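Text of work_37.cif, listed as mmCIF, C-alpha atoms and all ligand atoms:
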```
data_coords
loop_
_atom_site.group_PDB
_atom_site.id
_atom_site.type_symbol
_atom_site.label_atom_id
_atom_site.label_comp_id
_atom_site.auth_asym_id
_atom_site.auth_seq_id
_atom_site.Cartn_x
_atom_site.Cartn_y
_atom_site.Cartn_z
ATOM 1 C CA MET A 23 -94.734 -79.640 -137.672
ATOM 2 C CA ARG A 24 -92.599 -80.214 -134.618
ATOM 3 C CA ARG A 25 -90.216 -77.537 -135.885
ATOM 4 C CA VAL A 26 -93.087 -75.041 -136.339
ATOM 5 C CA GLU A 27 -94.227 -75.716 -132.776
ATOM 6 C CA ALA A 28 -90.703 -75.096 -131.540
ATOM 7 C CA VAL A 29 -90.550 -71.811 -133.428
ATOM 8 C CA VAL A 30 -93.935 -70.717 -132.089
ATOM 9 C CA ALA A 31 -92.920 -71.649 -128.531
ATOM 10 C CA ARG A 32 -89.700 -69.706 -128.968
ATOM 11 C CA ALA A 33 -91.502 -66.623 -130.259
ATOM 12 C CA ARG A 34 -93.943 -66.836 -127.333
ATOM 13 C CA ARG A 35 -91.065 -66.974 -124.845
ATOM 14 C CA GLY A 36 -89.548 -63.951 -126.600
ATOM 15 C CA VAL A 37 -92.785 -62.018 -126.284
ATOM 16 C CA GLU A 38 -93.172 -63.030 -122.638
ATOM 17 C CA ALA A 39 -89.593 -61.923 -121.946
ATOM 18 C CA GLN A 40 -90.564 -58.592 -123.577
ATOM 19 C CA LEU A 41 -87.774 -58.839 -126.143
ATOM 20 C CA PRO A 42 -87.865 -56.214 -128.913
ATOM 21 C CA ALA A 43 -89.784 -57.260 -132.029
ATOM 22 C CA LYS A 44 -86.698 -57.392 -134.223
ATOM 23 C CA GLN A 45 -85.081 -59.854 -131.836
ATOM 24 C CA ILE A 46 -88.126 -62.082 -131.923
ATOM 25 C CA MET A 47 -88.130 -61.869 -135.733
ATOM 26 C CA ALA A 48 -84.459 -62.860 -135.853
ATOM 27 C CA MET A 49 -85.093 -65.748 -133.457
ATOM 28 C CA VAL A 50 -87.858 -67.035 -135.692
ATOM 29 C CA GLN A 51 -86.051 -66.426 -138.996
ATOM 30 C CA HIS A 52 -82.796 -67.973 -137.846
ATOM 31 C CA ASP A 53 -84.283 -70.534 -135.507
ATOM 32 C CA PHE A 54 -82.254 -69.437 -132.507
ATOM 33 C CA GLU A 55 -82.706 -68.790 -128.828
ATOM 34 C CA ILE A 56 -80.496 -67.923 -125.889
ATOM 35 C CA ALA A 57 -81.383 -69.652 -122.621
ATOM 36 C CA ASP A 58 -80.063 -70.379 -119.099
ATOM 37 C CA ASP A 59 -79.056 -66.768 -118.444
ATOM 38 C CA GLY A 60 -76.865 -66.704 -121.520
ATOM 39 C CA ARG A 61 -75.200 -70.069 -120.935
ATOM 40 C CA THR A 62 -76.944 -71.891 -123.794
ATOM 41 C CA LEU A 63 -77.418 -70.964 -127.438
ATOM 42 C CA PHE A 64 -79.776 -72.979 -129.656
ATOM 43 C CA ILE A 65 -79.382 -72.191 -133.317
ATOM 44 C CA GLU A 66 -80.554 -74.125 -136.380
ATOM 45 C CA GLY A 67 -80.733 -77.339 -134.437
ATOM 46 C CA THR A 68 -77.286 -77.021 -132.839
ATOM 47 C CA THR A 69 -76.747 -76.362 -129.126
ATOM 48 C CA TYR A 70 -73.716 -74.430 -127.930
ATOM 49 C CA ARG A 71 -72.840 -74.165 -124.242
ATOM 50 C CA ALA A 72 -70.878 -71.255 -122.801
ATOM 51 C CA ALA A 73 -67.907 -72.243 -120.649
ATOM 52 C CA ASP A 74 -67.144 -70.242 -117.514
ATOM 53 C CA GLY A 75 -66.211 -66.702 -118.452
ATOM 54 C CA VAL A 76 -68.418 -66.684 -121.575
ATOM 55 C CA ARG A 77 -72.075 -65.835 -122.197
ATOM 56 C CA PHE A 78 -74.444 -65.341 -125.133
ATOM 57 C CA THR A 79 -76.592 -62.195 -125.329
ATOM 58 C CA TYR A 80 -79.239 -60.851 -127.673
ATOM 59 C CA CYS A 81 -78.462 -57.620 -129.531
ATOM 60 C CA GLY A 82 -80.979 -56.182 -131.999
ATOM 61 C CA ASP A 83 -81.357 -58.555 -134.941
ATOM 62 C CA HIS A 84 -78.279 -60.601 -134.002
ATOM 63 C CA PHE A 85 -76.481 -61.866 -130.924
ATOM 64 C CA HIS A 86 -73.164 -61.585 -129.125
ATOM 65 C CA VAL A 87 -70.670 -63.991 -127.664
ATOM 66 C CA GLU A 88 -69.135 -62.108 -124.742
ATOM 67 C CA GLY A 89 -66.516 -62.506 -122.053
ATOM 68 C CA THR A 90 -67.825 -62.145 -118.512
ATOM 69 C CA ALA A 91 -64.450 -61.819 -116.786
ATOM 70 C CA THR A 92 -62.626 -60.147 -119.676
ATOM 71 C CA PRO A 93 -64.783 -57.505 -121.392
ATOM 72 C CA TRP A 94 -64.576 -58.717 -124.988
ATOM 73 C CA VAL A 95 -67.613 -58.858 -127.256
ATOM 74 C CA HIS A 96 -67.885 -60.733 -130.542
ATOM 75 C CA PRO A 97 -71.038 -59.601 -132.403
ATOM 76 C CA ILE A 98 -72.447 -62.408 -134.577
ATOM 77 C CA SER A 99 -74.330 -61.112 -137.591
ATOM 78 C CA LEU A 100 -77.098 -63.321 -138.944
ATOM 79 C CA ALA A 101 -77.942 -61.214 -141.978
ATOM 80 C CA ALA A 102 -75.474 -63.005 -144.257
ATOM 81 C CA ALA A 103 -76.017 -66.469 -142.761
ATOM 82 C CA GLN A 104 -77.587 -68.984 -145.147
ATOM 83 C CA PRO A 105 -80.497 -70.689 -143.376
ATOM 84 C CA GLY A 106 -79.398 -74.149 -142.249
ATOM 85 C CA ALA A 107 -75.684 -73.460 -142.677
ATOM 86 C CA PHE A 108 -74.977 -71.528 -139.515
ATOM 87 C CA ALA A 109 -71.745 -72.144 -137.637
ATOM 88 C CA LEU A 110 -70.183 -69.874 -135.050
ATOM 89 C CA PRO A 111 -67.509 -67.856 -136.865
ATOM 90 C CA ARG A 112 -63.834 -68.113 -135.995
ATOM 91 C CA SER A 113 -62.818 -65.667 -133.315
ATOM 92 C CA MET A 114 -59.669 -64.327 -131.759
ATOM 93 C CA PHE A 115 -61.650 -64.136 -128.496
ATOM 94 C CA TYR A 116 -63.199 -67.592 -128.215
ATOM 95 C CA GLU A 117 -62.790 -71.166 -129.419
ATOM 96 C CA VAL A 118 -65.372 -73.898 -129.893
ATOM 97 C CA ALA A 119 -64.753 -77.518 -128.936
ATOM 98 C CA ASN A 120 -67.496 -80.155 -128.772
ATOM 99 C CA GLY A 121 -70.192 -77.512 -128.649
ATOM 100 C CA ALA A 122 -68.566 -75.639 -125.736
ATOM 101 C CA VAL A 123 -67.551 -72.026 -126.310
ATOM 102 C CA ALA A 124 -64.591 -70.951 -124.170
ATOM 103 C CA GLU A 125 -62.373 -67.907 -124.056
ATOM 104 C CA ARG A 126 -59.074 -68.504 -125.814
ATOM 105 C CA SER A 127 -56.237 -68.859 -123.380
ATOM 106 C CA GLY A 128 -52.737 -67.513 -123.726
ATOM 107 C CA ALA A 129 -51.175 -64.265 -124.813
ATOM 108 C CA SER A 130 -52.713 -62.415 -127.713
ATOM 109 C CA PRO A 131 -52.464 -58.817 -128.932
ATOM 110 C CA TRP A 132 -56.162 -58.223 -128.218
ATOM 111 C CA ARG A 133 -55.654 -58.775 -124.466
ATOM 112 C CA ASP A 134 -53.071 -55.996 -124.214
ATOM 113 C CA LEU A 135 -54.934 -53.722 -126.594
ATOM 114 C CA LEU A 136 -58.176 -54.191 -124.653
ATOM 115 C CA SER A 137 -56.733 -53.852 -121.147
ATOM 116 C CA ARG A 138 -55.003 -50.611 -122.172
ATOM 117 C CA GLU A 139 -58.090 -49.257 -123.972
ATOM 118 C CA GLN A 140 -56.213 -49.230 -127.254
ATOM 119 C CA ILE A 141 -59.167 -50.904 -128.983
ATOM 120 C CA GLN A 142 -62.832 -50.234 -128.315
ATOM 121 C CA LEU A 143 -66.234 -51.510 -129.364
ATOM 122 C CA THR A 144 -68.333 -48.861 -131.121
ATOM 123 C CA GLY A 145 -71.734 -50.046 -132.276
ATOM 124 C CA ASP A 146 -70.967 -53.605 -133.335
ATOM 125 C CA GLY A 147 -67.424 -52.975 -134.538
ATOM 126 C CA TRP A 148 -64.011 -52.946 -132.921
ATOM 127 C CA TYR A 149 -61.746 -50.004 -133.673
ATOM 128 C CA LEU A 150 -58.330 -48.757 -132.605
ATOM 129 C CA THR A 151 -58.373 -45.797 -130.225
ATOM 130 C CA GLU A 152 -56.082 -42.765 -130.057
ATOM 131 C CA ARG A 153 -54.090 -44.673 -127.431
ATOM 132 C CA TYR A 154 -52.913 -47.193 -130.003
ATOM 133 C CA PRO A 155 -49.223 -47.369 -129.112
ATOM 134 C CA PHE A 156 -47.487 -46.876 -132.405
ATOM 135 C CA PRO A 157 -44.819 -44.117 -132.382
ATOM 136 C CA THR A 158 -45.661 -42.467 -135.667
ATOM 137 C CA PHE A 159 -49.390 -42.619 -134.832
ATOM 138 C CA ALA A 160 -48.614 -40.448 -131.783
ATOM 139 C CA ARG A 161 -46.610 -38.106 -134.036
ATOM 140 C CA LEU A 162 -49.494 -37.774 -136.465
ATOM 141 C CA GLN A 163 -51.775 -36.869 -133.542
ATOM 142 C CA GLN A 164 -49.264 -34.331 -132.236
ATOM 143 C CA ALA A 165 -48.925 -32.803 -135.703
ATOM 144 C CA SER A 166 -52.726 -32.475 -135.942
ATOM 145 C CA ARG A 167 -52.607 -30.209 -132.855
ATOM 146 C CA ASP A 168 -49.308 -28.432 -133.509
ATOM 147 C CA PRO A 169 -49.972 -24.670 -133.738
ATOM 148 C CA SER A 170 -46.603 -24.131 -135.406
ATOM 149 C CA LEU A 171 -47.837 -26.061 -138.461
ATOM 150 C CA PRO A 172 -50.010 -24.528 -141.188
ATOM 151 C CA ALA A 173 -53.697 -25.447 -140.930
ATOM 152 C CA ALA A 174 -53.587 -27.487 -144.138
ATOM 153 C CA LEU A 175 -50.880 -29.742 -142.727
ATOM 154 C CA ARG A 176 -52.643 -30.084 -139.376
ATOM 155 C CA ASP A 177 -55.798 -31.085 -141.253
ATOM 156 C CA GLU A 178 -53.895 -33.637 -143.279
ATOM 157 C CA ALA A 179 -52.452 -35.124 -140.081
ATOM 158 C CA TRP A 180 -55.925 -35.241 -138.511
ATOM 159 C CA ARG A 181 -57.419 -36.927 -141.571
ATOM 160 C CA SER A 182 -54.708 -39.570 -141.329
ATOM 161 C CA VAL A 183 -55.505 -40.099 -137.636
ATOM 162 C CA LEU A 184 -59.225 -40.428 -138.417
ATOM 163 C CA ASP A 185 -58.529 -42.892 -141.216
ATOM 164 C CA VAL A 186 -56.788 -45.137 -138.688
ATOM 165 C CA LEU A 187 -59.568 -44.755 -136.100
ATOM 166 C CA ARG A 188 -62.154 -45.720 -138.762
ATOM 167 C CA ILE A 189 -60.590 -49.067 -139.656
ATOM 168 C CA ARG A 190 -62.993 -51.761 -138.536
ATOM 169 C CA LEU A 191 -61.032 -54.688 -137.163
ATOM 170 C CA GLU A 192 -61.982 -58.199 -138.209
ATOM 171 C CA LEU A 193 -62.130 -60.589 -135.259
ATOM 172 C CA ASP A 194 -61.429 -63.843 -137.068
ATOM 173 C CA GLY A 195 -58.133 -64.817 -135.507
ATOM 174 C CA ASP A 196 -55.011 -63.944 -133.603
ATOM 175 C CA ALA A 197 -52.556 -64.411 -136.483
ATOM 176 C CA GLU A 198 -54.849 -62.391 -138.741
ATOM 177 C CA LEU A 199 -55.004 -59.611 -136.148
ATOM 178 C CA ARG A 200 -51.211 -59.503 -135.943
ATOM 179 C CA ALA A 201 -50.951 -59.302 -139.729
ATOM 180 C CA ARG A 202 -53.617 -56.601 -139.870
ATOM 181 C CA LEU A 203 -51.916 -54.507 -137.194
ATOM 182 C CA ALA A 204 -48.603 -54.824 -139.029
ATOM 183 C CA SER A 205 -50.275 -53.585 -142.195
ATOM 184 C CA ILE A 206 -51.943 -50.716 -140.309
ATOM 185 C CA ASP A 207 -48.559 -49.802 -138.786
ATOM 186 C CA GLN A 208 -47.015 -49.703 -142.256
ATOM 187 C CA GLY A 209 -49.796 -47.421 -143.440
ATOM 188 C CA ILE A 210 -49.346 -45.088 -140.458
ATOM 189 C CA ASP A 211 -45.590 -44.965 -141.054
ATOM 190 C CA ALA A 212 -46.087 -44.100 -144.714
ATOM 191 C CA ARG A 213 -48.548 -41.306 -143.835
ATOM 192 C CA TRP A 214 -46.175 -39.905 -141.232
ATOM 193 C CA LYS A 215 -43.137 -39.985 -143.562
ATOM 194 C CA ASP A 216 -45.165 -38.217 -146.222
ATOM 195 C CA LEU A 217 -46.302 -35.539 -143.765
ATOM 196 C CA GLU A 218 -42.903 -35.194 -142.113
ATOM 197 C CA ALA A 219 -41.308 -34.506 -145.472
ATOM 198 C CA GLN A 220 -43.642 -31.547 -145.983
ATOM 199 C CA ILE A 221 -43.020 -29.955 -142.590
ATOM 200 C CA PRO A 222 -39.808 -27.943 -143.175
ATOM 201 C CA ALA A 223 -41.137 -26.341 -146.362
ATOM 202 C CA ALA A 224 -44.529 -25.719 -144.755
ATOM 203 C CA LYS A 225 -42.959 -24.097 -141.716
ATOM 204 C CA GLY A 226 -40.786 -21.988 -144.021
ATOM 205 C CA ARG A 227 -43.888 -20.800 -145.893
ATOM 206 C CA LYS A 228 -45.709 -20.141 -142.624
ATOM 207 C CA GLY A 229 -42.710 -18.135 -141.364
ATOM 208 C CA ARG A 230 -42.951 -15.900 -144.439
ATOM 209 C CA ASP A 231 -46.717 -15.357 -144.098
HETATM 210 ZN ZN ZN B 301 -74.673 -56.194 -131.323
#
```
Now that the file is in, can you turn its structure into structure tokens?
Amino acid sequence: MRRVEAVVARARRGVEAQLPAKQIMAMVQHDFEIADDGRTLFIEGTTYRAADGVRFTYCGDHFHVEGTATPWVHPISLAAAQPGAFALPRSMFYEVANGAVAERSGASPWRDLLSREQIQLTGDGWYLTERYPFPTFARLQQASRDPSLPAALRDEAWRSVLDVLRIRLELDGDAELRARLASIDQGIDARWKDLEAQIPAAKGRKGRD
């Protein structure tokens, strides 16, 4: 009964704060609430506190853990969470110790990628941008705009660029990110080598057109 009262009180605070209905529904379904201007997260009976530089925010039917000094955002989906088994997921952005959520310290690829706008948040996913500093990625982009290449080859280059820009990055850890980027780099290299091999013949054909 106490739990029901808590849920009702939470829903009432959500209504009074004029939160969207789907947020209130998520709060009730997943037994969570963000308080103290984003410094406290109550979820399924556990309390997390945000350290300096971190806050919790509502977003639609889920919530975010965000950096306040560094502009990272880790969207936390609740759709797949089993009721009663919630734990904050691992993150390359933050770490949890004794209920306190703090930004990870130290060097990490995401810091450079973020500060140089080489990754960006679109919707609730992180993606590489066209600035991603990999040499053959730049060559693929150049080829997609190269008027000396036949349209079919330019299109192929552009499709390869788009395929890279559509890869949704997992946020689970630093080592995982490094491994993922290495794998993406390999894929870009393979696409470029494949395209590069077609260029002389394609230019020859175009020259004869
Ligand atoms: Zn979100």
Exercise for the section: Could I get the residue neighbourhood of ligand ZN 301 (chain B) at 12 Å, counting all atoms listed in the file, as a list of chain:residue names? Expected result: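 Answer in the requested format: A:Gln45, A:Phe78, A:Thr79, A:Tyr80, A:Cys81, A:Gly82, A:Asp83, A:His84, A:Phe85, A:His86, A:Val87, A:Glu88, A:Val95, A:His96, A:Pro97, A:Ile98, A:Ser99, A:Leu100, A:Leu143, A:Thr144, A:Gly145, A:Asp146, A:Gly147, A:Trp148.
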Practice task
Work out how far apart atom CA of A:Val37 and atom CA of A:Gly106 are and give it in Å to one decimal.
Solution key: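 We find that atom CA of A:Val37 and atom CA of A:Gly106 lie 24.1 Å from each other.
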Practice task
Please provide the set of residues having any atom within 12 Å of stretch 161-176 of chain A, restricted to only C-alpha atoms, with same-chain residues fewer than 2 positions apart removed, written as JSON, numbers by chain.
Solution key: {"A": [151, 152, 153, 154, 155, 156, 157, 158, 159, 178, 179, 180, 181, 182, 183, 184, 185, 186, 187, 209, 210, 211, 212, 213, 214, 215, 216, 217, 218, 219, 220, 221, 222, 223, 224, 225, 226, 227, 228, 229, 230, 231]}
Completion exercise
Atom pair atom CA of A:Phe54 + atom CA of A:Gln40, distance 16.3 Å
Exercise for the section: Provide the atom CA of A:Met47 to atom CA of A:Thr62 distance in Å, to one decimal place. Expected result: 19.2 Å
Return the padded bounding box of stretch 201-207 of chain A as JSON: axis-aligned, built from all atoms listed in the file, 8 Å added on each side, with centre and edge lengths in Å to one decimal.
```
{"center_x": -51.1, "center_y": -54.6, "center_z": -139.7, "size_x": 21.1, "size_y": 25.5, "size_z": 21.0}
```
Handout entry: Which residue of A:Ala43, A:Ala101, A:Val123, A:Leu203 approaches A:Ala73 most closely, using all atoms listed in the file
Key =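 Closest to A:Ala73, using all atoms listed in the file: A:Val123.
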